[in-house]
>>> print(open('work-v1.txt').read())   # compact mmCIF, C-alpha atoms
# COMPACT_ATOMS: atom_id res chain seq x y z
CA MET A 19 -39.16 -73.91 3.65
CA ALA A 20 -37.02 -76.53 5.36
CA ASN A 21 -33.98 -75.41 3.41
CA ASN A 22 -34.59 -71.70 3.88
CA PRO A 23 -31.28 -70.32 5.24
CA VAL A 24 -33.05 -67.56 7.21
CA VAL A 25 -35.17 -70.18 8.98
CA ASN A 26 -32.09 -72.35 9.48
CA MET A 27 -30.34 -69.45 11.21
CA PHE A 28 -32.90 -69.60 14.00
CA LYS A 29 -33.00 -73.40 14.10
CA VAL A 30 -29.37 -73.67 15.15
CA LYS A 31 -29.28 -72.88 18.86
CA GLU A 32 -25.73 -71.50 18.88
CA LEU A 33 -26.34 -69.25 15.88
CA ARG A 34 -29.71 -68.10 17.22
CA SER A 35 -28.17 -67.18 20.56
CA ARG A 36 -25.33 -65.29 18.90
CA LEU A 37 -27.70 -63.35 16.63
CA LEU A 38 -30.03 -62.36 19.47
CA PHE A 39 -27.07 -61.39 21.65
CA THR A 40 -25.69 -59.19 18.86
CA LEU A 41 -29.07 -57.49 18.36
CA VAL A 42 -29.37 -56.77 22.10
CA ILE A 43 -25.89 -55.23 22.23
CA LEU A 44 -26.60 -53.12 19.14
CA ALA A 45 -29.86 -51.93 20.72
CA ILE A 46 -27.93 -50.86 23.85
CA PHE A 47 -25.45 -49.06 21.64
CA ARG A 48 -28.21 -47.18 19.84
CA LEU A 49 -29.84 -46.26 23.15
CA GLY A 50 -26.58 -44.76 24.40
CA SER A 51 -26.30 -42.83 21.13
CA ILE A 52 -29.45 -40.82 21.90
CA LEU A 53 -28.81 -40.18 25.61
CA THR A 54 -27.58 -36.59 25.82
CA VAL A 55 -24.66 -35.69 28.08
CA PRO A 56 -25.99 -34.13 31.32
CA GLY A 57 -25.99 -30.34 31.19
CA ILE A 58 -26.85 -29.98 27.49
CA ASN A 59 -30.11 -28.51 26.19
CA ALA A 60 -30.76 -31.00 23.38
CA THR A 61 -33.50 -28.88 21.77
CA LEU A 62 -31.33 -25.78 21.36
CA LEU A 63 -28.41 -27.93 20.20
CA LEU A 64 -30.47 -29.53 17.42
CA GLN A 65 -31.73 -26.10 16.38
CA TYR A 66 -28.15 -24.87 16.15
CA TYR A 67 -27.10 -27.71 13.84
CA SER A 68 -30.24 -27.42 11.71
CA ASN A 69 -29.50 -23.72 11.13
CA LEU A 70 -25.94 -24.33 9.93
CA ALA A 71 -25.31 -23.65 6.26
CA ARG A 72 -25.10 -26.94 4.41
CA ASP A 73 -21.75 -26.18 2.75
CA SER A 74 -20.13 -24.55 5.78
CA ALA A 75 -16.94 -25.98 7.27
CA GLU A 76 -18.62 -26.53 10.63
CA SER A 77 -21.51 -28.43 9.05
CA ALA A 78 -19.02 -30.63 7.18
CA PHE A 79 -17.13 -31.22 10.44
CA ALA A 80 -20.30 -32.19 12.34
CA SER A 81 -21.41 -34.54 9.54
CA TYR A 82 -17.97 -36.14 9.49
CA MET A 83 -17.94 -36.72 13.26
CA ASP A 84 -21.51 -38.06 13.08
CA PHE A 85 -20.54 -40.49 10.32
CA PHE A 86 -19.15 -43.24 12.57
CA ALA A 87 -21.16 -42.26 15.67
CA GLY A 88 -24.59 -42.75 14.11
CA GLY A 89 -25.87 -39.24 14.92
CA ALA A 90 -24.45 -39.32 18.46
CA PHE A 91 -22.10 -36.37 17.92
CA GLU A 92 -24.72 -33.76 17.02
CA ARG A 93 -26.81 -34.93 20.00
CA PHE A 94 -23.81 -34.66 22.33
CA SER A 95 -24.68 -38.14 23.57
CA VAL A 96 -22.70 -40.27 26.01
CA PHE A 97 -21.45 -42.37 23.05
CA MET A 98 -20.54 -39.35 20.88
CA LEU A 99 -16.88 -40.41 20.50
CA GLY A 100 -17.82 -43.97 19.59
CA VAL A 101 -14.94 -46.39 19.00
CA MET A 102 -12.68 -43.92 17.19
CA PRO A 103 -10.40 -43.25 20.20
CA TYR A 104 -9.85 -47.01 20.52
CA ILE A 105 -8.99 -47.36 16.83
CA SER A 106 -6.65 -44.34 17.01
CA THR A 107 -4.82 -45.93 19.95
CA GLN A 108 -4.58 -49.23 18.08
CA ILE A 109 -2.92 -47.43 15.17
CA ILE A 110 -0.39 -45.77 17.47
CA LEU A 111 0.47 -49.07 19.16
CA GLN A 112 0.75 -50.98 15.89
CA LEU A 113 3.15 -48.35 14.57
CA ALA A 114 5.11 -48.52 17.84
CA LEU A 115 5.42 -52.31 17.55
CA VAL A 116 6.95 -51.91 14.09
CA ILE A 117 9.28 -49.06 15.07
CA PHE A 118 10.49 -50.45 18.41
CA PRO A 119 11.77 -54.08 18.26
CA SER A 120 11.70 -54.39 22.07
CA LEU A 121 7.94 -53.83 22.12
CA LYS A 122 7.49 -56.35 19.31
CA ARG A 123 9.42 -58.96 21.31
CA ILE A 124 7.16 -58.36 24.31
CA ALA A 125 4.08 -58.76 22.09
CA GLN A 126 5.39 -62.07 20.73
CA GLU A 127 6.06 -63.54 24.18
CA GLU A 128 3.53 -65.73 25.98
CA GLY A 129 0.79 -63.44 27.21
CA GLY A 130 2.16 -60.61 25.07
CA GLN A 131 -1.10 -59.99 23.22
CA GLN A 132 -2.92 -59.55 26.55
CA LYS A 133 -0.34 -56.91 27.48
CA VAL A 134 -0.86 -55.12 24.15
CA GLN A 135 -4.63 -55.17 24.72
CA ALA A 136 -4.16 -53.70 28.20
CA TRP A 137 -1.89 -50.96 26.81
CA THR A 138 -4.47 -50.23 24.12
CA ARG A 139 -7.23 -49.74 26.66
CA ILE A 140 -5.10 -47.55 28.91
CA GLY A 141 -4.05 -45.48 25.90
CA THR A 142 -7.69 -45.22 24.81
CA ILE A 143 -8.60 -43.62 28.13
CA PHE A 144 -5.98 -40.90 27.62
CA VAL A 145 -7.11 -40.27 24.04
CA CYS A 146 -10.73 -40.08 25.24
CA LEU A 147 -9.80 -37.55 27.92
CA ILE A 148 -8.09 -35.33 25.34
CA GLN A 149 -10.99 -35.53 22.88
CA ALA A 150 -13.60 -35.08 25.62
CA ALA A 151 -11.81 -31.98 26.91
CA ALA A 152 -11.79 -30.60 23.36
CA LEU A 153 -15.54 -31.28 23.15
CA THR A 154 -16.19 -29.12 26.21
CA VAL A 155 -14.41 -26.23 24.46
CA TYR A 156 -16.48 -26.93 21.34
CA ALA A 157 -19.67 -26.93 23.42
CA ASP A 158 -18.68 -23.62 25.03
CA ALA A 159 -18.17 -22.08 21.57
CA ILE A 160 -21.67 -23.21 20.58
CA ASN A 161 -23.05 -21.85 23.86
CA GLN A 162 -21.59 -18.43 23.04
CA GLN A 163 -23.49 -18.42 19.74
CA VAL A 164 -26.68 -19.94 21.17
CA PRO A 165 -26.90 -19.05 24.88
CA GLY A 166 -28.63 -21.75 26.90
CA VAL A 167 -27.12 -24.80 25.17
CA ILE A 168 -25.13 -25.49 28.37
CA ILE A 169 -27.48 -25.35 31.36
CA LEU A 170 -24.98 -26.14 34.13
CA ASP A 171 -22.12 -24.24 35.71
CA LYS A 172 -19.19 -24.22 33.29
CA VAL A 173 -16.64 -25.96 35.55
CA TYR A 174 -19.16 -28.53 36.76
CA PHE A 175 -20.27 -29.23 33.17
CA ASN A 176 -16.71 -29.64 31.93
CA ILE A 177 -15.85 -32.22 34.59
CA LEU A 178 -19.14 -34.08 34.16
CA ALA A 179 -18.91 -34.08 30.34
CA VAL A 180 -15.30 -35.35 30.27
CA LEU A 181 -16.07 -38.19 32.68
CA THR A 182 -19.35 -39.10 30.92
CA VAL A 183 -18.00 -39.10 27.37
CA THR A 184 -14.82 -40.99 28.35
CA THR A 185 -16.85 -43.62 30.20
CA GLY A 186 -19.26 -43.86 27.28
CA SER A 187 -16.46 -44.46 24.79
CA MET A 188 -14.93 -47.21 26.95
CA ILE A 189 -18.38 -48.82 27.26
CA THR A 190 -18.68 -48.91 23.46
CA VAL A 191 -15.32 -50.69 23.27
CA TRP A 192 -16.54 -53.20 25.87
CA LEU A 193 -19.78 -53.70 23.91
CA GLY A 194 -17.73 -54.39 20.79
CA ASP A 195 -15.65 -56.97 22.65
CA GLN A 196 -18.82 -58.70 23.82
CA ILE A 197 -20.11 -59.00 20.24
CA THR A 198 -16.78 -60.45 19.11
CA ALA A 199 -16.77 -63.01 21.95
CA HIS A 200 -20.44 -63.98 22.14
CA GLY A 201 -22.13 -62.60 19.03
CA ILE A 202 -21.72 -62.52 15.27
CA GLY A 203 -18.97 -60.67 13.41
CA ASN A 204 -16.22 -58.34 14.56
CA GLY A 205 -17.66 -56.24 17.38
CA ILE A 206 -15.95 -52.92 16.62
CA SER A 207 -16.86 -53.18 12.93
CA MET A 208 -20.45 -54.07 13.82
CA LEU A 209 -20.79 -50.95 15.98
CA ILE A 210 -19.43 -48.78 13.17
CA LEU A 211 -21.86 -50.48 10.76
CA ALA A 212 -24.77 -49.87 13.16
CA GLY A 213 -23.89 -46.18 13.35
CA ILE A 214 -23.80 -45.85 9.57
CA VAL A 215 -27.04 -47.76 8.95
CA ALA A 216 -28.86 -45.77 11.66
CA ARG A 217 -28.15 -42.55 9.76
CA ILE A 218 -29.48 -43.71 6.39
CA PRO A 219 -33.26 -43.11 7.01
CA SER A 220 -32.76 -39.50 8.14
CA ALA A 221 -30.30 -38.88 5.29
CA VAL A 222 -32.76 -40.21 2.70
CA TYR A 223 -35.49 -38.06 4.25
CA GLU A 224 -33.26 -34.99 4.05
CA LEU A 225 -32.51 -35.73 0.40
CA GLY A 226 -36.19 -36.19 -0.43
CA LYS A 227 -37.04 -32.97 1.40
CA GLY A 228 -34.39 -31.14 -0.63
CA VAL A 229 -35.89 -32.43 -3.90
CA VAL A 230 -39.48 -31.53 -2.91
CA ASN A 231 -38.51 -28.05 -1.71
CA ASP A 232 -36.38 -27.48 -4.82
CA ASP A 233 -33.37 -26.84 -2.60
CA GLY A 234 -30.81 -27.00 -5.41
CA ILE A 235 -31.10 -30.81 -5.75
CA ASN A 236 -32.02 -32.06 -9.21
CA VAL A 237 -34.17 -35.21 -9.27
CA VAL A 238 -32.25 -36.42 -12.35
CA PHE A 239 -29.02 -36.26 -10.34
CA VAL A 240 -30.70 -38.30 -7.60
CA ILE A 241 -31.61 -41.03 -10.09
CA VAL A 242 -28.11 -40.99 -11.60
CA ALA A 243 -26.54 -41.17 -8.14
CA PHE A 244 -28.82 -44.08 -7.19
CA PHE A 245 -27.63 -46.17 -10.14
CA MET A 246 -24.07 -45.13 -9.38
CA TYR A 247 -24.46 -46.50 -5.86
CA ILE A 248 -25.83 -49.80 -7.20
CA ALA A 249 -22.89 -50.09 -9.59
CA ILE A 250 -20.41 -49.25 -6.82
CA ILE A 251 -21.91 -51.93 -4.57
CA GLY A 252 -21.48 -54.46 -7.37
CA LEU A 253 -17.84 -53.41 -7.86
CA ILE A 254 -17.17 -53.66 -4.12
CA VAL A 255 -18.61 -57.17 -3.93
CA PHE A 256 -16.62 -58.15 -7.05
CA GLU A 257 -13.41 -56.77 -5.55
CA GLN A 258 -13.98 -58.23 -2.07
CA SER A 259 -14.53 -61.76 -3.41
CA GLY A 260 -11.54 -61.80 -5.78
CA GLU A 261 -8.29 -63.44 -4.71
CA ARG A 262 -4.94 -64.61 -6.07
CA LYS A 263 -4.14 -68.24 -5.23
CA ILE A 264 -0.46 -69.08 -4.77
CA PRO A 265 0.04 -72.86 -5.29
CA VAL A 266 2.19 -74.69 -2.74
CA HIS A 267 3.45 -78.29 -3.10
CA TYR A 268 4.44 -80.30 -0.04
CA ALA A 269 6.83 -83.23 -0.48
CA LYS A 270 6.45 -86.59 1.26
CA ARG A 271 7.51 -86.23 4.89
CA VAL A 272 7.69 -88.24 8.09
CA VAL A 273 6.47 -86.79 11.38
CA GLY A 274 7.09 -89.14 14.30
CA ARG A 275 5.74 -92.52 13.23
CA LYS A 276 3.43 -91.11 10.61
CA MET A 277 4.22 -90.66 6.94
CA TYR A 278 2.43 -87.92 5.04
CA ALA A 279 1.97 -88.33 1.27
CA PRO A 280 2.83 -85.48 -1.12
CA GLN A 281 0.03 -82.95 -1.35
CA SER A 282 -0.82 -79.65 -3.00
CA SER A 283 -2.42 -76.59 -1.44
CA TYR A 284 -2.55 -72.85 -2.05
CA ILE A 285 -2.21 -69.56 -0.22
CA PRO A 286 -5.17 -67.22 -0.86
CA PHE A 287 -4.21 -63.54 -1.26
CA LYS A 288 -7.18 -61.21 -1.66
CA ILE A 289 -7.08 -58.46 -4.27
CA ASN A 290 -7.40 -56.06 -1.37
CA PRO A 291 -5.71 -57.98 1.49
CA SER A 292 -6.44 -55.33 4.12
CA GLY A 293 -10.20 -55.03 3.43
CA VAL A 294 -11.82 -51.86 4.79
CA ILE A 295 -9.21 -51.44 7.55
CA PRO A 296 -7.17 -48.74 5.69
CA ILE A 297 -10.26 -46.53 5.34
CA ILE A 298 -11.25 -46.97 8.99
CA PHE A 299 -7.66 -46.32 10.11
CA ALA A 300 -7.31 -43.24 7.88
CA SER A 301 -10.61 -41.81 9.13
CA ALA A 302 -9.68 -42.46 12.77
CA PHE A 303 -6.22 -40.96 12.23
CA LEU A 304 -7.75 -37.74 10.86
CA THR A 305 -10.50 -37.52 13.47
CA LEU A 306 -8.29 -36.31 16.34
CA PRO A 307 -6.60 -33.35 14.55
CA LEU A 308 -9.90 -32.48 12.86
CA GLN A 309 -11.75 -32.37 16.18
CA LEU A 310 -9.02 -30.51 18.08
CA SER A 311 -8.62 -27.88 15.37
CA ASN A 312 -12.38 -27.25 15.15
CA SER A 313 -12.86 -27.23 18.92
CA PHE A 314 -10.07 -24.74 19.65
CA ALA A 315 -10.47 -22.68 16.45
CA SER A 316 -12.32 -19.91 18.33
CA ARG A 317 -9.41 -19.49 20.78
CA PHE A 318 -6.35 -19.85 18.54
CA THR A 319 -6.13 -18.14 15.16
CA TRP A 320 -3.64 -20.62 13.72
CA LEU A 321 -5.97 -23.52 14.59
CA SER A 322 -8.79 -21.85 12.70
CA LYS A 323 -6.51 -21.96 9.64
CA VAL A 324 -5.78 -25.63 10.28
CA SER A 325 -9.52 -26.24 10.62
CA ALA A 326 -10.13 -24.58 7.26
CA VAL A 327 -7.41 -26.67 5.63
CA LEU A 328 -8.80 -29.87 7.15
CA ASN A 329 -12.30 -29.23 5.84
CA PRO A 330 -13.62 -32.72 4.86
CA LEU A 331 -14.83 -31.19 1.60
CA GLY A 332 -11.46 -29.63 0.80
CA ILE A 333 -8.88 -30.83 -1.71
CA LEU A 334 -6.02 -31.07 0.80
CA TYR A 335 -8.04 -33.15 3.24
CA ASN A 336 -9.01 -35.63 0.55
CA LEU A 337 -5.42 -35.79 -0.70
CA ILE A 338 -4.20 -36.58 2.83
CA GLU A 339 -6.91 -39.22 3.19
CA VAL A 340 -5.85 -40.88 -0.08
CA LEU A 341 -2.20 -40.99 1.02
CA LEU A 342 -3.17 -42.40 4.43
CA ILE A 343 -5.33 -45.10 2.85
CA ILE A 344 -2.42 -46.22 0.64
CA PHE A 345 -0.02 -46.14 3.61
CA PHE A 346 -2.31 -48.13 5.91
CA ALA A 347 -3.05 -50.64 3.13
CA TYR A 348 0.67 -51.45 2.91
CA PHE A 349 1.21 -51.24 6.67
CA TYR A 350 -1.71 -53.45 7.69
CA THR A 351 -0.99 -56.03 5.00
CA GLN A 352 2.64 -56.32 6.12
CA VAL A 353 1.49 -56.82 9.72
CA THR A 354 -1.18 -59.45 8.97
CA LEU A 355 0.44 -61.15 5.95
CA ASN A 356 4.13 -61.09 6.71
CA PRO A 357 5.91 -62.67 3.68
CA THR A 358 8.90 -63.59 5.85
CA GLU A 359 6.72 -65.53 8.29
CA ILE A 360 4.71 -67.22 5.51
CA ALA A 361 7.90 -68.27 3.69
CA ARG A 362 9.34 -69.66 6.93
CA GLN A 363 6.23 -71.74 7.60
CA ILE A 364 6.29 -73.12 4.04
CA ARG A 365 9.94 -74.19 4.39
CA GLU A 366 9.44 -75.72 7.85
CA ASN A 367 6.60 -77.86 6.51
CA GLY A 368 8.63 -79.05 3.52
CA GLY A 369 6.69 -77.00 1.00
CA SER A 370 7.69 -75.03 -2.07
CA ILE A 371 6.08 -72.84 -4.70
CA PRO A 372 6.35 -74.41 -8.18
CA GLY A 373 8.97 -72.66 -10.30
CA ILE A 374 10.28 -70.57 -7.40
CA PRO A 375 13.57 -71.49 -5.65
CA THR A 376 13.15 -72.04 -1.91
CA ASN A 377 15.47 -69.16 -1.05
CA LYS A 378 13.41 -66.84 -3.27
CA THR A 379 10.01 -67.66 -1.69
CA GLU A 380 9.88 -64.57 0.50
CA GLU A 381 10.90 -62.29 -2.37
CA TYR A 382 8.24 -63.82 -4.63
CA LEU A 383 5.47 -63.48 -2.02
CA GLN A 384 6.45 -59.86 -1.37
CA ARG A 385 6.34 -59.10 -5.11
CA VAL A 386 2.87 -60.65 -5.43
CA LEU A 387 1.59 -58.68 -2.43
CA ASN A 388 2.98 -55.41 -3.76
CA ARG A 389 1.20 -55.97 -7.07
CA LEU A 390 -2.06 -56.56 -5.20
CA ILE A 391 -1.80 -53.82 -2.58
CA LEU A 392 -1.20 -50.81 -4.86
CA PRO A 393 -4.22 -51.23 -7.16
CA GLY A 394 -6.33 -52.36 -4.20
CA SER A 395 -5.40 -49.29 -2.15
CA LEU A 396 -5.97 -46.94 -5.10
CA TYR A 397 -9.38 -48.54 -5.59
CA LEU A 398 -10.20 -47.89 -1.91
CA ALA A 399 -8.97 -44.31 -2.20
CA VAL A 400 -11.15 -43.57 -5.23
CA ILE A 401 -14.21 -45.02 -3.50
CA ALA A 402 -13.42 -43.04 -0.33
CA ILE A 403 -13.42 -39.63 -2.05
CA LEU A 404 -16.58 -40.30 -4.06
CA PRO A 405 -18.84 -38.61 -1.44
CA THR A 406 -16.92 -35.34 -1.83
CA ILE A 407 -17.19 -35.54 -5.62
CA ILE A 408 -20.92 -36.32 -5.44
CA GLN A 409 -21.60 -33.53 -2.96
CA THR A 410 -19.65 -31.03 -5.03
CA LEU A 411 -21.15 -31.96 -8.41
CA PHE A 412 -24.73 -32.83 -7.40
CA HIS A 413 -25.07 -30.49 -4.39
CA PHE A 414 -26.31 -33.31 -2.18
CA PRO A 415 -26.43 -32.84 1.61
CA ALA A 416 -23.28 -34.03 3.37
CA SER A 417 -25.31 -36.60 5.30
CA ILE A 418 -26.55 -38.41 2.19
CA SER A 419 -23.21 -38.09 0.35
CA MET A 420 -21.22 -39.60 3.21
CA LEU A 421 -23.71 -42.28 4.20
CA MET A 422 -24.64 -43.62 0.78
CA GLY A 423 -21.29 -43.59 -0.95
CA GLY A 424 -17.60 -44.13 -0.56
CA THR A 425 -16.44 -45.20 2.87
CA SER A 426 -19.90 -46.11 4.13
CA LEU A 427 -20.57 -48.50 1.25
CA LEU A 428 -17.18 -50.15 1.67
CA ILE A 429 -17.79 -50.67 5.38
CA ILE A 430 -21.38 -51.84 4.93
CA VAL A 431 -20.53 -54.32 2.17
CA GLY A 432 -17.25 -55.46 3.76
CA VAL A 433 -18.72 -56.04 7.22
CA ASP A 434 -21.83 -57.69 5.76
CA LEU A 435 -19.75 -60.11 3.68
CA ASP A 436 -17.56 -61.03 6.67
CA THR A 437 -20.62 -61.52 8.89
CA MET A 438 -22.40 -63.61 6.25
CA ALA A 439 -19.29 -65.76 5.90
CA GLN A 440 -19.33 -66.41 9.65
CA VAL A 441 -23.03 -67.25 9.59
CA GLU A 442 -22.45 -69.49 6.58
CA ALA A 443 -19.69 -71.36 8.40
CA LEU A 444 -21.87 -71.94 11.47
CA LEU A 445 -24.74 -73.20 9.29
CA LYS A 446 -22.43 -75.61 7.44
CA MET A 447 -20.93 -76.80 10.72
CA HIS A 448 -24.41 -77.79 11.90
CA HIS A 449 -25.21 -79.48 8.54
CA HIS A 450 -27.61 -76.83 7.25
CA ASP A 451 -27.72 -75.20 3.85
CA GLY A 452 -26.20 -71.73 3.78
CA PHE A 453 -27.18 -68.71 1.72
CA THR A 454 -25.56 -70.31 -1.33
CA LYS A 455 -25.45 -74.00 -2.08
CA LYS A 456 -21.71 -73.93 -2.67
CA GLY A 457 -20.95 -71.46 0.09
CA LEU A 458 -19.40 -68.04 -0.18
CA LYS A 459 -16.50 -69.02 -2.40
CA PRO A 460 -14.10 -66.33 -3.57
CA ARG A 461 -13.17 -66.00 -7.22
CA ASN A 462 -9.72 -67.04 -8.32
CA LEU A 463 -7.97 -64.42 -10.44
>>> encode(input="work-v1.txt", output="structure tokens")
Amino acid sequence: MANNPVVNMFKVKELRSRLLFTLVILAIFRLGSILTVPGINATLLLQYYSNLARDSAESAFASYMDFFAGGAFERFSVFMLGVMPYISTQIILQLALVIFPSLKRIAQEEGGQQKVQAWTRIGTIFVCLIQAAALTVYADAINQQVPGVIILDKVYFNILAVLTVTTGSMITVWLGDQITAHGIGNGISMLILAGIVARIPSAVYELGKGVVNDDGINVVFVIVAFFMYIAIIGLIVFEQSGERKIPVHYAKRVVGRKMYAPQSSYIPFKINPSGVIPIIFASAFLTLPLQLSNSFASRFTWLSKVSAVLNPLGILYNLIEVLLIIFFAYFYTQVTLNPTEIARQIRENGGSIPGIPTNKTEEYLQRVLNRLILPGSLYLAVIAILPTIIQTLFHFPASISMLMGGTSLLIIVGVDLDTMAQVEALLKMHHHDGFTKKGLKPRNL
């Protein structure tokens, strides 16, 4: 029992405090996810969503929006937008930093990252206001179909809903920052994970109910899908732990009065260097046009056509998602693993890659990254569209297809592995055994 890693987690004061703090923040997040926006009749709203046809475009839209919000969207809760506006703003700013060199120079100056963070938060407010305003139009469309969903004066409700939802989204961003600073794991990713996990029990219940009621769901397909999920989890873990090690040799050098002997090291490049970020970015990028087109579809005919095209179950939507995943895989990798910067650091420290001329280091690193990014991004893309394939072939509810396959599994496994690695590091730092005797070591490919 003394070497039980779970027990050790609560023996280390720092780790125990961080774990408890994270749990408290996640509990607050879940509480905000069930608090309905003032002026909404929650009972009538839930009845409206329960009466939607399972394969309808609106049902697919609601399930998609609920995916990252943990059920907050269909409840019209104060946290119904979640962290997606923040991620969307991050994408816009990251693209702007690449396109405009002047902005990149500001970001690289002392205090530049604080400025970028401030711009991100200001931009998030504007994105929240746009999405919140679209939600009021969406709520009005529902109210026309089910009178009584909105119980306040229209103008008063619109103002109150926009302010409430915008404030709620900014609070979720703040909660995520608190987890990152004082808890365990990346805060924004942990909130997304909490939203996904919170939806699993109801999704499993819905699936079981469909099997019992003989609602077009074959029990054999359920068993097959279950083993598919287990296999996919194994593949994700295998892929996440694999890496390509680039050897680097450093010659003998003198720094001040100290002489450093020759040494060898390596640069670890993961098979999928960008992790689950491309999927999160692609989903966030599609959320805004998807929401705006669905919200205003009742008022503008051309937007209703856009809404039909952007149906999460449609071929075009999934094709766009695949292309976005590949794009963001390349984009994010270039931002975080810049071959030019890595090559410069190697040269400045007197290092070289065996068999590669010094002036060809950058070209070699770029070639290695390109060979890793393409198959890694295609792998992510295939996993991401699995829910649509499963729902189409097996006739599963959208909730179970989205929450137990594809994007959700990648996020759950990816965030869990990163969090476990952080816990492992804290345990080792305090001289305790981790979850594995040798630690969470990646495989060299």
>>> atom_distance(input="work-v1.txt", atom1="CA of Gly166 (chain A)", atom2="CA of Asn59 (chain A)")
7.0 Å
>>> residues_around(input="work-v1.txt", residues="Phe346 (chain A)", least_positions_apart="3", cutoff="8 Å", atoms="only C-alpha atoms", output="ChimeraX atom specification")
/A:295-296,299-300,342-343,349-350
>>> atom_distance(input="work-v1.txt", atom1="CA of Ile403 (chain A)", atom2="CA of Asn336 (chain A)")
6.5 Å
>>> residues_around(input="work-v1.txt", residues="Pro307 (chain A)", least_positions_apart="5", cutoff="10 Å", atoms="only C-alpha atoms", output="list in words")
Gln149, Ala302, Asn312, Ser313, Leu321, Val324, Ser325 and Leu328 of chain A
>>> closest_residue(input="work-v1.txt", among="A:Ile338, A:Val386, A:Ile202, A:Leu153", to="Ala80 (chain A)", atoms="all atoms listed in the file")
A:Leu153
>>> closest_residue(input="work-v1.txt", among="A:Glu127, A:Val294, A:Asn69, A:Leu147", to="Val183 (chain A)", atoms="all atoms listed in the file")
A:Leu147
>>> closest_residue(input="work-v1.txt", among="A:Ala60, A:Leu211, A:Ala152, A:Val134", to="Gln309 (chain A)", atoms="all atoms listed in the file")
A:Ala152
>>> closest_residue(input="work-v1.txt", among="A:Leu63, A:Ile206, A:Val255, A:Val431", to="Asn161 (chain A)", atoms="only C-alpha atoms")
A:Leu63
>>> atom_distance(input="work-v1.txt", atom1="CA of Thr354 (chain A)", atom2="CA of Phe303 (chain A)")
19.4 Å
>>> closest_atom_pairs(input="work-v1.txt", of="region 186-273 of chain A", to="region 432-439 of chain A", cutoff="9 Å", atoms="all atoms listed in the file", output="Markdown table")
| residue | atom | partner | partner_atom | distance |
| --- | --- | --- | --- | --- |
| A:Ile202 | CA | A:Thr437 | CA | 6.6 |
| A:Gly203 | CA | A:Thr437 | CA | 4.9 |
| A:Asn204 | CA | A:Thr437 | CA | 7.8 |
| A:Ser207 | CA | A:Val433 | CA | 6.7 |
| A:Met208 | CA | A:Val433 | CA | 7.1 |
| A:Leu211 | CA | A:Val433 | CA | 7.3 |
| A:Ile254 | CA | A:Gly432 | CA | 8.1 |
| A:Val255 | CA | A:Gly432 | CA | 8.0 |
| A:Gln258 | CA | A:Gly432 | CA | 7.2 |
| A:Ser259 | CA | A:Leu435 | CA | 9.0 |
>>> residues_around(input="work-v1.txt", residues="region 90-95 of chain A", least_positions_apart="5", cutoff="12 Å", atoms="all atoms listed in the file", output="count of residues only")
58
>>> closest_residue(input="work-v1.txt", among="A:Ile241, A:Gln409, A:Arg262, A:Ala125", to="Gly226 (chain A)", atoms="all atoms listed in the file")
A:Ile241
>>> residues_near_point(input="work-v1.txt", point="(-0.7, -48.6, 19.3)", cutoff="10 Å", atoms="only C-alpha atoms", output="list in words")
Tyr104, Ile105, Ser106, Thr107, Gln108, Ile109, Ile110, Leu111, Gln112, Leu113, Ala114, Leu115, Val116, Val134, Gln135, Trp137, Thr138, Arg139, Gly141 and Thr142 of chain A
